[in-house]
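Step one of this worksheet: look at the structure below.
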Amino acid sequence: LFLAVCAVGIGGTFQYGYNVSIINAPTQHIHRFLNETWTSRYHKELNPDLLTFLWSVIASIFSLGGLCGALIGGSMAIRLGRKGALLMNNIIAILASVLMGISFPTGLFELLIAGRFLIGINSGVGLCVQPLYIGEVAPKHLRGGMAMGSSIFLTGGILTGQIVGLRELLGGEAYWPLLLSSSCFPAFAQLLFLPWFPESPRYLLIDRGDELRCAKALKQFHGSSEYQKEMEDIQQECFALNGEKPRKPWQLFTDRAVRWQLIIVIVMTMGQQLSGINAIYFYATYIFEQAGILVEKIPYVTLGTGACECLTALTCVSSNYVGRRYLIIGGYLLMTLWSIVLTFSLTYQELYSWVPYVSMASIFAFILSFGLGPGGITNTLTAEIFVQSSRPAAYTIAGTISWISFFTIGMLFPFIVNGLKQYCFVVFLLECSLVAAFIFVVIPETKNRSFLEIKKEFDKLNFGRN
């Protein structure tokens, strides 16, 4: 089971974190490449406004690709299986790496845009299918800890991208095409290791009706002596679904039986993206400068933010013992607290010499709080609160909401910061506290419960307690 999490993670959420991270290091080198390419092609200087536009397209086309990937991820998981969808997804990543790698020697910046779009599709599919596979292969007593694999590989991808993007490694001017094309290595790794693991047992029995392959997969995951209990659990869910086919995303919006589950997924996904985590990364460089850290040393200090997220994801395996509900509520409440501290410390940043260090500590504390709850538990709950027939469609909806929110905050965030300055964190603390209150009132605990037990709990919300 542990090795299966690693096999799906390396080519899944790791790719998303890695490709979000590596685009920051070569910004100036890509600007120079665009200028030189434009000059050699049209024999005139590139207009600064057009340069800004082209760079914005290169950076943001990733989000558009991610949205497309989220829209097709659920369908791929149904048609090809969870494992088959992840394997096919690597072909997209390899093609994207080739296009980005040859953009510089060919002098075609259009290939760079196409490559970023394709790697966005790869990330969108991976974010949708990986937690689906892990949630379905995990026994209920390990589901929380195993589902954290998605968050661990995502944050590990961010940290790896920050390290590889240092100028001593692939962040130098001569190596940036290699940096952008290096995402082929996780893809090759998954193509090498994932075929050794079976398809999701729930998919095999409930969606394909293949009891023999389901039993074989369960024996491989749980051992010949322990698999029977999981088999009975899957058979009970299969019987309860009574042959119900996998559902389309739009069908969930008209089904009263999943009304509150859908509201929860939408609120939690939007809450995760709009929580202020992007504001923290925006302010990090400014705060490090105010604390007296040399500009050339800031990239190394920024590694601490990536290490914070990765560390929290690793320790958040404790969700298996504490419970999802307490962790995510606690995470949002702590983020509310640190938003208050940051608002005050940024306001009085220049009043006392020690205040910038309070801001630095608050940044790391905010990131740790995000990883404790919203960053790690959101995908886990999405897997747990839907039954087999609705789960792929739910992940498609969650992925779509996530990428739209990601794109929206990217567009609006500069205006929010310019307009409100440090008081932008007042907006985020209100959002975090409202999401925490919503979760406290609505979401039941899912730890150590079967999918059918969780469904019965939600039936009380959807249809009334009687």
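Ordering of the structure tokens sets the chain letters (A, B, ...); residue numbers start at 1 within each chain; ligands are numbered from 1 in the order shown.
Using only C-alpha atoms, the protein and nucleic acid residues lying no more than 8 Å from Leu194 (chain A), apart from those fewer than 5 places from it along its own chain, are A:Ala4, A:Ala7, A:Val8, A:Lys83, A:Leu87.
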Compile a residue-level contact table for region 119-232 of chain A against region 109-115 of chain A at a cut-off of 9 Å, reporting for every qualifying residue the shortest atom pair and its distance in Å to one decimal, with only C-alpha atoms counted, rows ordered by chain and ascending number, as JSON lines.
{"residue": "A:Ile119", "atom": "CA", "partner": "A:Gly115", "partner_atom": "CA", "distance": 6.1}
{"residue": "A:Gly120", "atom": "CA", "partner": "A:Gly115", "partner_atom": "CA", "distance": 8.5}
{"residue": "A:Ser181", "atom": "CA", "partner": "A:Gly115", "partner_atom": "CA", "distance": 8.9}
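Proximity to Ile23 (chain A) was assessed for A:Pro131, A:Pro177, A:Gly149, A:Gly81 counting only C-alpha atoms; the smallest distance is recorded for A:Pro177.
Among the candidates A:Ile404, A:Phe188, A:Gly165, A:Gly9, the residue lying nearest to Met88 (chain A) is A:Phe188 (atoms considered: only C-alpha atoms).
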Name the residues in contact with Trp250 (chain A) at a cut-off of 9 Å, using only C-alpha atoms, excluding same-chain residues fewer than 4 positions from it; report them as number ranges by chain. A: 254, 393, 397
Write out the residues from the selection above, keeping C-alpha atoms, as a PDB file, in the first residue's frame.
ATOM      1  CA  THR A 254     -29.875  17.657  -9.686  1.00  0.00           C
ATOM      2  CA  ALA A 393     -17.809  13.221 -11.081  1.00  0.00           C
ATOM      3  CA  ILE A 397     -16.334  19.266 -10.082  1.00  0.00           C
TER       4      ILE A 397
END
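Using only C-alpha atoms, the smallest distance between any of A:Ala307, A:Leu351, A:Leu132, A:Ile78 and Lys248 (chain A) comes from A:Ile78.
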